[in-house]
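The structure file structure-v9.txt is reproduced below (compact mmCIF, C-alpha atoms (C1' of nucleotides)).
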# COMPACT_ATOMS: atom_id res chain seq x y z
CA MET A 1 188.26 165.37 105.63
CA ILE A 2 188.16 167.69 102.65
CA GLY A 3 185.18 169.99 102.09
CA PHE A 4 182.06 168.78 100.31
CA THR A 5 182.70 171.15 97.39
CA GLU A 6 185.90 169.34 96.47
CA SER A 7 184.64 165.88 97.34
CA LEU A 8 184.71 162.75 95.31
CA PHE A 9 181.09 162.39 96.26
CA LEU A 10 180.06 165.57 94.51
CA LYS A 11 182.07 164.57 91.45
CA SER A 12 180.17 161.35 91.19
CA MET A 13 176.85 163.14 91.72
CA ARG A 14 177.67 165.33 88.77
CA LYS A 15 178.50 162.31 86.66
CA ILE A 16 174.88 161.27 87.07
CA CYS A 17 173.16 164.55 86.32
CA PRO A 18 173.84 168.31 86.38
CA ILE A 19 173.75 169.97 89.80
CA SER A 20 174.17 173.73 90.04
CA ASP A 21 176.38 175.32 92.71
CA GLY A 22 173.25 176.68 94.34
CA SER A 23 171.82 173.20 94.84
CA VAL A 24 175.15 172.01 96.15
CA ALA A 25 175.13 174.82 98.72
CA LEU A 26 171.62 173.88 99.84
CA MET A 27 172.75 170.36 100.40
CA ALA A 28 176.10 171.18 101.96
CA ALA A 29 174.36 173.27 104.62
CA ARG A 30 172.70 170.12 106.01
CA LEU A 31 175.73 167.86 106.02
CA GLU A 32 177.76 166.71 108.95
CA GLU A 33 181.00 164.79 108.72
CA CYS A 34 181.16 161.35 110.20
CA SER A 35 183.11 158.13 109.97
CA PHE A 36 182.82 154.46 110.77
CA ALA A 37 185.40 151.87 111.69
CA LYS A 38 185.54 148.50 109.99
CA LYS A 39 182.60 146.33 111.15
CA ASP A 40 180.54 149.24 112.48
CA MET A 41 176.84 149.00 111.71
CA ILE A 42 175.47 151.95 109.77
CA LEU A 43 171.89 150.67 109.47
CA ARG A 44 170.24 148.00 111.58
CA ALA A 45 167.10 146.00 110.84
CA GLY A 46 164.27 146.85 113.22
CA VAL A 47 165.60 150.31 114.00
CA TYR A 48 164.89 153.81 112.70
CA SER A 49 168.09 155.50 111.60
CA ARG A 50 166.85 159.04 110.85
CA TYR A 51 169.88 159.74 108.64
CA ALA A 52 171.23 159.07 105.19
CA TRP A 53 174.98 158.90 104.50
CA LEU A 54 176.90 160.11 101.48
CA VAL A 55 179.95 157.89 101.12
CA GLU A 56 183.24 159.62 100.41
CA LYS A 57 185.52 156.67 101.05
CA GLY A 58 185.28 153.05 102.10
CA LEU A 59 183.17 150.00 101.36
CA ILE A 60 179.82 149.02 102.85
CA ARG A 61 177.86 145.80 102.54
CA HIS A 62 174.07 145.65 102.83
CA PHE A 63 172.51 142.46 104.04
CA TRP A 64 169.39 140.73 105.28
CA LEU A 65 169.21 138.53 108.31
CA TYR A 66 166.77 135.73 107.70
CA ASP A 67 166.49 132.53 109.71
CA GLY A 68 169.77 133.52 111.35
CA LYS A 69 171.51 133.62 107.97
CA GLU A 70 173.00 136.74 106.42
CA THR A 71 172.33 137.42 102.77
CA VAL A 72 174.27 140.24 101.14
CA THR A 73 172.03 142.32 98.90
CA SER A 74 174.42 144.99 97.63
CA PHE A 75 177.60 146.93 98.18
CA SER A 76 178.12 150.68 98.42
CA THR A 77 181.31 152.53 97.85
CA GLU A 78 182.66 155.99 96.99
CA GLY A 79 179.79 158.11 95.70
CA GLY A 80 177.12 155.83 97.15
CA LEU A 81 174.09 156.95 99.15
CA ILE A 82 173.24 154.85 102.19
CA PHE A 83 169.74 154.98 103.59
CA SER A 84 166.87 152.76 104.57
CA MET A 85 164.33 152.66 101.82
CA ASP A 86 161.80 151.27 104.26
CA GLU A 87 162.21 154.36 106.37
CA LEU A 88 162.47 157.06 103.70
CA TYR A 89 159.62 155.79 101.56
CA TYR A 90 157.36 153.94 103.92
CA GLY A 91 158.19 155.36 107.37
CA ARG A 92 158.86 151.83 108.56
CA LYS A 93 161.81 150.38 110.41
CA SER A 94 164.59 149.14 108.20
CA GLU A 95 164.57 145.49 107.15
CA GLU A 96 168.21 145.62 106.14
CA PHE A 97 171.56 146.07 107.78
CA ALA A 98 174.41 148.13 106.37
CA GLN A 99 177.86 147.50 107.72
CA ALA A 100 181.30 148.98 107.03
CA VAL A 101 183.59 146.43 105.42
CA GLU A 102 186.41 148.94 105.24
CA ALA A 103 186.69 152.10 107.32
CA VAL A 104 184.20 154.65 105.98
CA GLU A 105 184.29 158.42 105.67
CA ALA A 106 180.96 160.00 104.93
CA TRP A 107 178.63 162.93 105.38
CA ARG A 108 175.37 162.35 107.05
CA ILE A 109 172.14 164.21 106.50
CA PRO A 110 168.86 163.86 108.41
CA LEU A 111 166.38 161.83 106.37
CA ALA A 112 163.80 164.58 106.86
CA ASP A 113 166.17 167.13 105.33
CA LEU A 114 166.96 164.86 102.43
CA GLU A 115 163.28 164.37 101.81
CA ALA A 116 162.72 168.12 101.88
CA LEU A 117 165.57 168.69 99.43
CA PHE A 118 164.07 166.11 97.07
CA ARG A 119 160.67 167.72 97.38
CA GLU A 120 161.81 171.28 96.80
CA ASN A 121 164.80 171.13 94.50
CA ILE A 122 164.32 169.73 91.05
CA GLU A 123 167.99 168.92 90.44
CA LEU A 124 168.35 167.00 93.66
CA CYS A 125 165.01 165.34 93.08
CA ASN A 126 166.18 164.08 89.72
CA TRP A 127 169.43 162.90 91.19
CA GLY A 128 167.46 160.92 93.76
CA ARG A 129 165.23 159.47 91.11
CA LEU A 130 168.18 158.44 88.96
CA ILE A 131 169.96 156.78 91.86
CA HIS A 132 166.81 154.85 92.54
CA GLN A 133 166.40 153.81 88.93
CA ASN A 134 169.98 152.65 88.63
CA GLU A 135 169.59 150.63 91.75
CA TYR A 136 166.48 149.04 90.29
CA ARG A 137 168.32 148.11 87.12
CA ARG A 138 171.18 146.56 89.05
CA LEU A 139 168.79 144.47 91.06
CA HIS A 140 166.78 143.45 88.03
CA ARG A 141 169.89 142.39 86.18
CA SER A 142 171.26 140.51 89.14
CA HIS A 143 167.95 138.73 89.57
CA MET A 144 167.92 137.66 85.93
CA GLU A 145 171.48 136.41 86.19
CA ARG A 146 170.56 134.35 89.20
CA LEU A 147 167.64 132.82 87.31
CA THR A 148 169.42 132.09 84.06
CA MET A 149 173.14 131.56 84.63
CA PRO A 150 175.30 128.95 86.36
CA ALA A 151 177.52 129.99 89.28
CA GLU A 152 180.70 130.43 87.28
CA ARG A 153 179.15 132.70 84.69
CA ARG A 154 177.52 134.81 87.42
CA TYR A 155 180.89 135.42 88.97
CA GLU A 156 182.39 136.47 85.63
CA MET A 157 179.55 138.95 85.14
CA PHE A 158 180.07 140.35 88.60
CA ARG A 159 183.79 140.70 88.05
CA ALA A 160 183.22 142.45 84.73
CA GLN A 161 180.72 144.88 86.20
CA PHE A 162 182.29 145.56 89.60
CA PRO A 163 186.01 144.82 89.33
CA GLU A 164 186.74 147.22 92.17
CA ILE A 165 184.33 145.61 94.63
CA CYS A 166 185.45 142.21 93.47
CA SER A 167 188.95 142.80 94.76
CA ARG A 168 188.02 144.76 97.87
CA ALA A 169 185.15 142.76 99.37
CA PRO A 170 185.83 139.49 101.21
CA LEU A 171 185.07 136.30 99.35
CA GLY A 172 182.30 135.30 101.71
CA ASP A 173 180.33 138.47 101.06
CA ILE A 174 180.66 138.19 97.31
CA ALA A 175 179.56 134.56 97.43
CA SER A 176 176.53 135.55 99.48
CA TYR A 177 175.69 138.37 97.06
CA LEU A 178 175.90 135.95 94.14
CA GLY A 179 173.79 133.39 95.96
CA MET A 180 176.37 130.64 96.20
CA ASP A 181 178.38 128.92 98.92
CA PRO A 182 181.79 130.41 99.85
CA SER A 183 183.40 127.09 99.05
CA THR A 184 181.86 127.17 95.58
CA LEU A 185 183.24 130.64 94.89
CA SER A 186 186.62 129.62 96.22
CA ARG A 187 186.69 126.70 93.79
CA ILE A 188 185.60 128.93 90.90
CA ARG A 189 188.43 131.34 91.61
CA SER A 190 191.03 128.60 91.26
CA MET B 1 134.36 149.84 77.71
CA ILE B 2 133.25 152.08 80.56
CA GLY B 3 134.65 155.60 80.94
CA PHE B 4 137.93 156.23 82.73
CA THR B 5 136.15 158.12 85.51
CA GLU B 6 134.29 154.99 86.59
CA SER B 7 137.13 152.61 85.88
CA LEU B 8 138.66 149.98 88.10
CA PHE B 9 141.97 151.44 87.10
CA LEU B 10 141.22 154.82 88.64
CA LYS B 11 139.95 153.11 91.78
CA SER B 12 143.24 151.32 92.20
CA MET B 13 145.20 154.50 91.49
CA ARG B 14 143.33 156.16 94.32
CA LYS B 15 144.12 153.26 96.61
CA ILE B 16 147.80 154.15 96.19
CA CYS B 17 147.61 157.89 96.74
CA PRO B 18 145.12 160.77 96.49
CA ILE B 19 144.38 162.06 92.99
CA SER B 20 142.11 165.06 92.53
CA ASP B 21 139.44 165.17 89.83
CA GLY B 22 141.50 167.83 88.07
CA SER B 23 144.48 165.53 87.74
CA VAL B 24 142.22 162.75 86.56
CA ALA B 25 140.84 165.00 83.85
CA LEU B 26 144.36 165.93 82.70
CA MET B 27 145.16 162.28 82.36
CA ALA B 28 141.87 161.22 80.83
CA ALA B 29 142.36 163.73 78.02
CA ARG B 30 145.38 161.80 76.76
CA LEU B 31 143.93 158.31 76.95
CA GLU B 32 142.79 156.13 74.12
CA GLU B 33 140.95 152.83 74.53
CA CYS B 34 142.56 149.71 73.23
CA SER B 35 142.52 145.98 73.68
CA PHE B 36 144.65 142.90 73.09
CA ALA B 37 143.75 139.32 72.35
CA LYS B 38 145.31 136.44 74.25
CA LYS B 39 148.96 136.00 73.15
CA ASP B 40 149.26 139.47 71.60
CA MET B 41 152.58 141.19 72.32
CA ILE B 42 152.25 144.54 74.06
CA LEU B 43 155.96 145.26 74.34
CA ARG B 44 158.77 143.68 72.37
CA ALA B 45 162.48 143.60 73.15
CA GLY B 46 164.51 145.62 70.66
CA VAL B 47 161.61 147.88 69.74
CA TYR B 48 160.43 151.32 70.83
CA SER B 49 156.82 151.22 71.91
CA ARG B 50 156.08 154.93 72.44
CA TYR B 51 153.10 154.12 74.67
CA ALA B 52 152.24 153.06 78.17
CA TRP B 53 149.10 151.06 78.94
CA LEU B 54 146.77 151.31 81.90
CA VAL B 55 145.27 147.88 82.45
CA GLU B 56 141.54 147.75 83.14
CA LYS B 57 141.09 144.02 82.71
CA GLY B 58 143.14 140.96 81.87
CA LEU B 59 146.49 139.44 82.72
CA ILE B 60 149.89 140.21 81.23
CA ARG B 61 153.21 138.45 81.67
CA HIS B 62 156.55 140.23 81.32
CA PHE B 63 159.56 138.21 80.24
CA TRP B 64 163.13 138.24 79.04
CA LEU B 65 164.42 136.26 76.12
CA TYR B 66 167.94 135.10 76.82
CA ASP B 67 169.82 132.37 74.98
CA GLY B 68 166.49 131.48 73.37
CA LYS B 69 164.94 130.88 76.78
CA GLU B 70 162.05 132.90 78.19
CA THR B 71 162.24 134.03 81.80
CA VAL B 72 159.11 135.57 83.29
CA THR B 73 159.98 138.63 85.36
CA SER B 74 156.56 139.78 86.52
CA PHE B 75 152.82 139.80 85.96
CA SER B 76 150.48 142.77 85.52
CA THR B 77 146.79 142.78 86.04
CA GLU B 78 143.85 145.10 86.75
CA GLY B 79 145.25 148.45 87.86
CA GLY B 80 148.73 147.76 86.47
CA LEU B 81 150.77 150.15 84.36
CA ILE B 82 152.61 148.59 81.42
CA PHE B 83 155.57 150.40 79.94
CA SER B 84 159.19 149.88 79.03
CA MET B 85 161.40 151.27 81.73
CA ASP B 86 164.31 151.20 79.33
CA GLU B 87 162.41 153.53 77.05
CA LEU B 88 160.78 155.86 79.58
CA TYR B 89 163.87 156.34 81.73
CA TYR B 90 166.79 155.76 79.41
CA GLY B 91 165.40 156.38 75.93
CA ARG B 92 166.58 152.91 74.96
CA LYS B 93 164.80 150.07 73.23
CA SER B 94 163.01 147.72 75.58
CA GLU B 95 164.86 144.65 76.80
CA GLU B 96 161.66 142.99 77.89
CA PHE B 97 158.56 141.57 76.30
CA ALA B 98 155.05 141.98 77.64
CA GLN B 99 152.41 139.60 76.40
CA ALA B 100 148.70 139.19 77.06
CA VAL B 101 148.00 135.92 78.88
CA GLU B 102 144.29 136.67 78.99
CA ALA B 103 142.46 139.11 76.71
CA VAL B 104 143.30 142.64 77.87
CA GLU B 105 141.32 145.87 77.98
CA ALA B 106 143.37 148.97 78.56
CA TRP B 107 143.90 152.64 77.91
CA ARG B 108 147.04 153.70 76.19
CA ILE B 109 148.86 156.97 76.58
CA PRO B 110 151.89 158.20 74.63
CA LEU B 111 155.03 157.86 76.75
CA ALA B 112 155.89 161.48 76.05
CA ASP B 113 152.55 162.57 77.48
CA LEU B 114 152.97 160.37 80.53
CA GLU B 115 156.41 161.85 81.10
CA ALA B 116 154.97 165.36 80.82
CA LEU B 117 152.20 164.54 83.29
CA PHE B 118 154.77 163.22 85.77
CA ARG B 119 156.89 166.31 85.30
CA GLU B 120 154.09 168.83 85.69
CA ASN B 121 151.57 167.31 88.05
CA ILE B 122 152.64 166.57 91.58
CA GLU B 123 149.89 164.04 92.30
CA LEU B 124 150.58 162.02 89.20
CA CYS B 125 154.31 162.33 89.79
CA ASN B 126 153.90 160.84 93.24
CA TRP B 127 151.70 158.10 91.89
CA GLY B 128 154.45 157.25 89.38
CA ARG B 129 157.08 157.27 92.09
CA LEU B 130 155.02 154.99 94.33
CA ILE B 131 154.37 152.52 91.56
CA HIS B 132 158.06 152.41 90.93
CA GLN B 133 158.89 151.93 94.58
CA ASN B 134 156.38 149.14 94.99
CA GLU B 135 157.80 147.43 91.99
CA TYR B 136 161.27 147.71 93.48
CA ARG B 137 160.09 146.16 96.73
CA ARG B 138 158.44 143.28 94.94
CA LEU B 139 161.61 142.58 92.99
CA HIS B 140 163.80 142.90 96.05
CA ARG B 141 161.66 140.52 98.01
CA SER B 142 161.44 138.02 95.20
CA HIS B 143 165.21 138.15 94.81
CA MET B 144 165.72 137.47 98.51
CA GLU B 145 163.29 134.58 98.38
CA ARG B 146 165.18 133.10 95.49
CA LEU B 147 168.44 133.38 97.40
CA THR B 148 167.22 132.03 100.70
CA MET B 149 164.31 129.66 100.24
CA PRO B 150 163.81 126.23 98.68
CA ALA B 151 161.42 125.82 95.76
CA GLU B 152 158.43 124.71 97.81
CA ARG B 153 158.58 127.60 100.23
CA ARG B 154 158.94 130.08 97.38
CA TYR B 155 155.74 128.80 95.86
CA GLU B 156 153.90 129.12 99.16
CA MET B 157 155.06 132.73 99.47
CA PHE B 158 153.93 133.46 95.95
CA ARG B 159 150.56 131.92 96.55
CA ALA B 160 150.11 133.89 99.75
CA GLN B 161 151.05 137.18 98.09
CA PHE B 162 149.40 136.76 94.69
CA PRO B 163 146.56 134.25 95.08
CA GLU B 164 144.74 135.76 92.13
CA ILE B 165 147.65 135.47 89.71
CA CYS B 166 148.41 132.05 91.08
CA SER B 167 145.12 130.70 89.85
CA ARG B 168 144.94 132.67 86.61
CA ALA B 169 148.43 132.30 85.15
CA PRO B 170 149.54 129.04 83.51
CA LEU B 171 151.79 126.79 85.55
CA GLY B 172 154.70 127.21 83.18
CA ASP B 173 154.79 130.98 83.60
CA ILE B 174 154.61 130.81 87.37
CA ALA B 175 157.40 128.24 87.44
CA SER B 176 159.53 130.50 85.27
CA TYR B 177 158.79 133.49 87.49
CA LEU B 178 159.81 131.49 90.54
CA GLY B 179 162.96 130.25 88.84
CA MET B 180 162.11 126.58 88.83
CA ASP B 181 161.29 123.90 86.28
CA PRO B 182 157.61 123.39 85.32
CA SER B 183 157.92 119.77 86.36
CA THR B 184 159.15 120.84 89.78
CA LEU B 185 156.19 123.15 90.29
CA SER B 186 153.80 120.48 89.09
CA ARG B 187 155.22 118.09 91.69
CA ILE B 188 155.00 120.73 94.41
CA ARG B 189 151.34 121.30 93.61
CA SER B 190 150.49 117.69 94.21
C1' DC C 1 206.52 138.09 117.98
C1' DT C 2 202.74 135.22 119.81
C1' DT C 3 198.19 134.17 120.45
C1' DT C 4 193.61 133.74 119.14
C1' DG C 5 189.89 133.92 116.18
C1' DA C 6 188.14 134.57 111.62
C1' DA C 7 188.28 133.75 106.62
C1' DT C 8 189.58 130.74 102.95
C1' DT C 9 190.78 126.43 100.84
C1' DT C 10 190.28 121.65 99.98
C1' DG C 11 188.20 117.04 100.07
C1' DA C 12 184.46 113.63 100.47
C1' DC C 13 179.90 113.05 100.21
C1' DC C 14 174.98 113.96 99.30
C1' DT C 15 170.62 115.92 97.63
C1' DG C 16 167.29 119.20 95.42
C1' DC C 17 166.15 120.12 91.34
C1' DG C 18 167.04 120.12 86.39
C1' DT C 19 167.06 117.27 82.19
C1' DC C 20 165.12 114.10 79.11
C1' DA C 21 161.37 111.67 77.54
C1' DA C 22 156.98 109.94 77.07
C1' DA C 23 152.19 109.84 78.32
C1' DA C 24 148.01 112.24 79.61
C1' DA C 25 145.13 116.21 79.70
C1' DA C 26 143.45 120.48 78.11
C1' DG C 27 142.70 123.92 74.57
C1' DT C 28 142.32 125.41 69.55
C1' DT C 29 140.98 125.24 64.82
C1' DC C 30 138.37 124.02 61.04
C1' DG D 1 134.01 116.37 67.06
C1' DA D 2 138.33 115.03 64.84
C1' DA D 3 142.94 116.44 64.24
C1' DC D 4 146.43 119.02 66.03
C1' DT D 5 148.91 121.87 69.27
C1' DT D 6 150.16 123.21 73.75
C1' DT D 7 150.38 122.45 78.59
C1' DT D 8 150.76 119.54 82.47
C1' DT D 9 151.92 115.34 84.75
C1' DT D 10 154.85 111.52 85.88
C1' DG D 11 159.07 108.68 86.05
C1' DA D 12 164.06 107.64 85.78
C1' DC D 13 168.39 109.52 86.12
C1' DG D 14 172.40 112.79 86.67
C1' DC D 15 174.94 116.66 88.25
C1' DA D 16 175.86 121.42 89.95
C1' DG D 17 176.46 122.99 93.82
C1' DG D 18 175.35 122.60 98.83
C1' DT D 19 176.79 120.54 103.40
C1' DC D 20 180.09 118.97 106.69
C1' DA D 21 184.56 118.91 108.45
C1' DA D 22 189.33 119.39 108.72
C1' DA D 23 193.44 121.90 107.29
C1' DT D 24 195.53 126.13 106.23
C1' DT D 25 196.19 130.89 105.68
C1' DC D 26 195.30 135.53 107.18
C1' DA D 27 194.42 139.34 110.50
C1' DA D 28 193.90 141.73 114.67
C1' DA D 29 195.25 142.54 119.41
C1' DG D 30 198.22 142.46 123.14

The structure given in the file should be rewritten as structure tokens.
Amino acid sequence: MIGFTESLFLKSMRKICPISDGSVALMAARLEECSFAKKDMILRAGVYSRYAWLVEKGLIRHFWLYDGKETVTSFSTEGGLIFSMDELYYGRKSEEFAQAVEAVEAWRIPLADLEALFRENIELCNWGRLIHQNEYRRLHRSHMERLTMPAERRYEMFRAQFPEICSRAPLGDIASYLGMDPSTLSRIRS
Amino acid sequence: MIGFTESLFLKSMRKICPISDGSVALMAARLEECSFAKKDMILRAGVYSRYAWLVEKGLIRHFWLYDGKETVTSFSTEGGLIFSMDELYYGRKSEEFAQAVEAVEAWRIPLADLEALFRENIELCNWGRLIHQNEYRRLHRSHMERLTMPAERRYEMFRAQFPEICSRAPLGDIASYLGMDPSTLSRIRS
DNA sequence: CTTTGAATTTGACCTGCGTCAAAAAAGTTC
DNA sequence: GAACTTTTTTGACGCAGGTCAAATTCAAAG
């Protein structure tokens, strides 16, 4: 894999907010390359992971297991940050799974190091805050769409906002994310 | 109204994380008492509000207006912080309304001052972060419930988690929050 | 290639919940 | 407390979308 300095990941970090070379170096010093094959679990519910992953390539789906049924809560792709919020913020075991849908290349960083970087470096701290805020907005919007729009319209919205994911993720996962049956989504698509 | 130092609001702040008397004083210096009658709008979509409100007493509902239809997104009560995330984080006009359901007593603080407090004071900053995280969790959970549970179960969950709001808010608002028809909730209740 | 299992499509049927409407109850205003 | 508004309850009915199941296409592994 290419170095962090030339990575797609760093590019997308810098699209969000300014990060000086010094801050990049601080971060890069903690990173370790790693990769996952299709279907590998990156996070598991009921387990401490101790790491966060910066996604350079690939597609990940996040889901809940509830009453034996999977519910997809979000997707991550190039530029995404994978971690268990339960663990980073509350020191609890994760309630969510994260699984590679496509093969994934990433850097991993110990959660404790990430936390320290956030605490000590204002640029990285702001980056973390902005990631969190954007995630909140996505969820809020998706919740509203679920409450106010019929299935077909929800799919259109999704396609408009995430065309890339729409073509890369399997139908079943998208249907689950949108809160509808796979058969319903299949019918909508035709 | 009583002083901020003896307020319920401060008590509930300190339940979330430690706040020294010094930080309290910093905050108190910026506060101004204010109140709202039942049905008063505290935030309006399409408008800059310039303030945040610390709720000492009363009940507020937050909602979206979409296609002429209101959708309740959350409730705030004693100890809650009311502000437009669109404005504080993105400098944009609010997309949400906030309206007093019961008469409200609160302190208001200019958004710019709140931002400065967050930026400069680590205790207040952490308090802000925690509020935000809790809000995210609530939304996440509520979204999952909507995706995975039938109407009746969703109401039970709501009642278990927010018994207070459940008895104070009108049926119509709770139904909207839970994403069901008022008539459905009325039937569930009996 | 062939096999085997998973994902998607398609059809027939069914049901939870929304819609519409009207009556009853509760709250507001003068 | 009478007139009016708003909220809640109740009933009849319909449909979007779920469930079940079988057929088909796709993908991975040997």

May I have the residues within 6 Å of region 176-188 of chain B as a PyMOL selection string, using all atoms listed in the file and disregarding those fewer than 3 positions away in the same chain? (chain A and resi 147) or (chain B and resi 71-73+172-173)

Restricting to only C-alpha atoms (C1' of nucleotides), whichever of D:DG30, D:DT25, D:DT9, D:DC15 is closest to DG16 (chain C) is D:DC15

Write out as a list in words each polymer residue whose atoms come within 10 Å of Ile165 (chain A), counting all atoms listed in the file; drop sequence neighbours fewer than 6 positions from it.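 The neighbour list is Leu59, Ile60, Phe75, Ser76, Thr77, Phe158, Arg159 and Ile174 of chain A.
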
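Excluding Arg108 (chain A) and any residue on its chain fewer than 3 positions from it, the residues at most 7 Å away by only C-alpha atoms (C1' of nucleotides) are A:Leu31, A:Glu32, A:Glu33, A:Cys34, A:Tyr51, A:Ala52, A:Trp53, A:Leu54.
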
Go through chain C residue by residue and, counting all atoms listed in the file, keep those with an atom at most 10 Å from chain A; for each kept residue give the shortest atom pair and its distance in Å to one decimal, ordered by chain and increasing number, as a Markdown table.
| residue | atom | partner | partner_atom | distance |
| --- | --- | --- | --- | --- |
| C:DA7 | C1' | A:Gly172 | CA | 7.9 |
| C:DT8 | C1' | A:Ser186 | CA | 7.4 |
| C:DT9 | C1' | A:Ser186 | CA | 7.0 |
| C:DT10 | C1' | A:Arg187 | CA | 8.8 |

Considering all atoms listed in the file, state which residue in the set D:DT6, D:DG18, D:DC13, D:DA28 is at the smallest distance from chain A.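 Nearest to chain A: D:DG18.
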
Kindly provide, as a PyMOL selection string, the residues of chain B having any atom no farther than 12 Å from an atom of chain A, counting all atoms listed in the file. chain B and resi 63-74+85-86+88-90+95-96+119-120+122+125-126+128-149+175-181

Could you work out which residues of chain D fall inside 10 Å of chain B? Count all atoms listed in the file, and format the result as an mmCIF file with C-alpha atoms (C1' of nucleotides), in the frame of the given file.
data_model
loop_
_atom_site.group_PDB
_atom_site.id
_atom_site.type_symbol
_atom_site.label_atom_id
_atom_site.label_comp_id
_atom_site.auth_asym_id
_atom_site.auth_seq_id
_atom_site.Cartn_x
_atom_site.Cartn_y
_atom_site.Cartn_z
ATOM 1 C "C1'" DT D 7 150.380 122.450 78.590
ATOM 2 C "C1'" DT D 8 150.760 119.540 82.470
ATOM 3 C "C1'" DT D 9 151.920 115.340 84.750
ATOM 4 C "C1'" DT D 10 154.850 111.520 85.880
#

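Atom pair C1' of DT15 (chain C) / C1' of DT19 (chain D) has a distance of 9.6 Å (rounded to one decimal).
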
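Minimum distance to DT29 (chain C) across D:DA29, D:DA22, D:DA3, D:DA12 (counting all atoms listed in the file) occurs at D:DA3.
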
CA of Glu115 (chain A) and CA of Thr5 (chain A) are how many Å apart?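 CA of Glu115 (chain A) sits 21.0 Å away from CA of Thr5 (chain A).
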
Name the residues in contact with Gly80 (chain B) at a cut-off of 8 Å, using all atoms listed in the file, excluding same-chain residues fewer than 5 positions from it; report them as JSON, numbers by chain. {"B": [9, 54, 55, 56]}

Could you jot down the CA of Ile19 (chain B) to CA of Pro110 (chain B) separation for me, Å, one decimal place? 20.2 Å

Ser49 (chain B) surroundings by only C-alpha atoms (C1' of nucleotides), 9 Å radius, close-in-sequence under 4 positions cut, as an MDAnalysis selection string: chainID B and resid 42:44 83:84 87 93:94 110:111

N, CA and C atoms are what I want for region 47-61 of chain B; can you complete it accordingly and write them as a PDB file, in the frame of the given file?
ATOM      1  N   VAL B  47     162.535 147.022  70.465  1.00  0.00           N
ATOM      2  CA  VAL B  47     161.610 147.880  69.740  1.00  0.00           C
ATOM      3  C   VAL B  47     161.186 149.046  70.646  1.00  0.00           C
ATOM      4  N   TYR B  48     161.004 150.218  70.066  1.00  0.00           N
ATOM      5  CA  TYR B  48     160.430 151.320  70.830  1.00  0.00           C
ATOM      6  C   TYR B  48     158.919 151.186  70.791  1.00  0.00           C
ATOM      7  N   SER B  49     158.273 151.398  71.919  1.00  0.00           N
ATOM      8  CA  SER B  49     156.820 151.220  71.910  1.00  0.00           C
ATOM      9  C   SER B  49     156.076 152.553  71.855  1.00  0.00           C
ATOM     10  N   ARG B  50     156.676 153.596  72.428  1.00  0.00           N
ATOM     11  CA  ARG B  50     156.080 154.930  72.440  1.00  0.00           C
ATOM     12  C   ARG B  50     154.826 155.083  73.294  1.00  0.00           C
ATOM     13  N   TYR B  51     154.303 154.017  73.842  1.00  0.00           N
ATOM     14  CA  TYR B  51     153.100 154.120  74.670  1.00  0.00           C
ATOM     15  C   TYR B  51     153.290 153.449  76.029  1.00  0.00           C
ATOM     16  N   ALA B  52     152.441 153.840  76.944  1.00  0.00           N
ATOM     17  CA  ALA B  52     152.240 153.060  78.170  1.00  0.00           C
ATOM     18  C   ALA B  52     150.778 152.627  78.158  1.00  0.00           C
ATOM     19  N   TRP B  53     150.477 151.554  78.878  1.00  0.00           N
ATOM     20  CA  TRP B  53     149.100 151.060  78.940  1.00  0.00           C
ATOM     21  C   TRP B  53     148.605 150.955  80.371  1.00  0.00           C
ATOM     22  N   LEU B  54     147.398 151.434  80.587  1.00  0.00           N
ATOM     23  CA  LEU B  54     146.770 151.310  81.900  1.00  0.00           C
ATOM     24  C   LEU B  54     145.805 150.133  81.810  1.00  0.00           C
ATOM     25  N   VAL B  55     146.040 149.119  82.600  1.00  0.00           N
ATOM     26  CA  VAL B  55     145.270 147.880  82.450  1.00  0.00           C
ATOM     27  C   VAL B  55     143.962 147.931  83.231  1.00  0.00           C
ATOM     28  N   GLU B  56     142.863 147.757  82.503  1.00  0.00           N
ATOM     29  CA  GLU B  56     141.540 147.750  83.140  1.00  0.00           C
ATOM     30  C   GLU B  56     141.094 146.321  83.435  1.00  0.00           C
ATOM     31  N   LYS B  57     141.593 145.398  82.636  1.00  0.00           N
ATOM     32  CA  LYS B  57     141.090 144.020  82.710  1.00  0.00           C
ATOM     33  C   LYS B  57     142.082 143.110  81.990  1.00  0.00           C
ATOM     34  N   GLY B  58     142.262 141.913  82.532  1.00  0.00           N
ATOM     35  CA  GLY B  58     143.140 140.960  81.870  1.00  0.00           C
ATOM     36  C   GLY B  58     144.415 140.688  82.642  1.00  0.00           C
ATOM     37  N   LEU B  59     145.248 139.858  82.062  1.00  0.00           N
ATOM     38  CA  LEU B  59     146.490 139.440  82.720  1.00  0.00           C
ATOM     39  C   LEU B  59     147.621 139.485  81.706  1.00  0.00           C
ATOM     40  N   ILE B  60     148.730 140.067  82.119  1.00  0.00           N
ATOM     41  CA  ILE B  60     149.890 140.210  81.230  1.00  0.00           C
ATOM     42  C   ILE B  60     151.101 139.588  81.902  1.00  0.00           C
ATOM     43  N   ARG B  61     151.948 138.928  81.113  1.00  0.00           N
ATOM     44  CA  ARG B  61     153.210 138.450  81.670  1.00  0.00           C
ATOM     45  C   ARG B  61     154.352 139.234  81.035  1.00  0.00           C
TER      46      ARG B  61
END
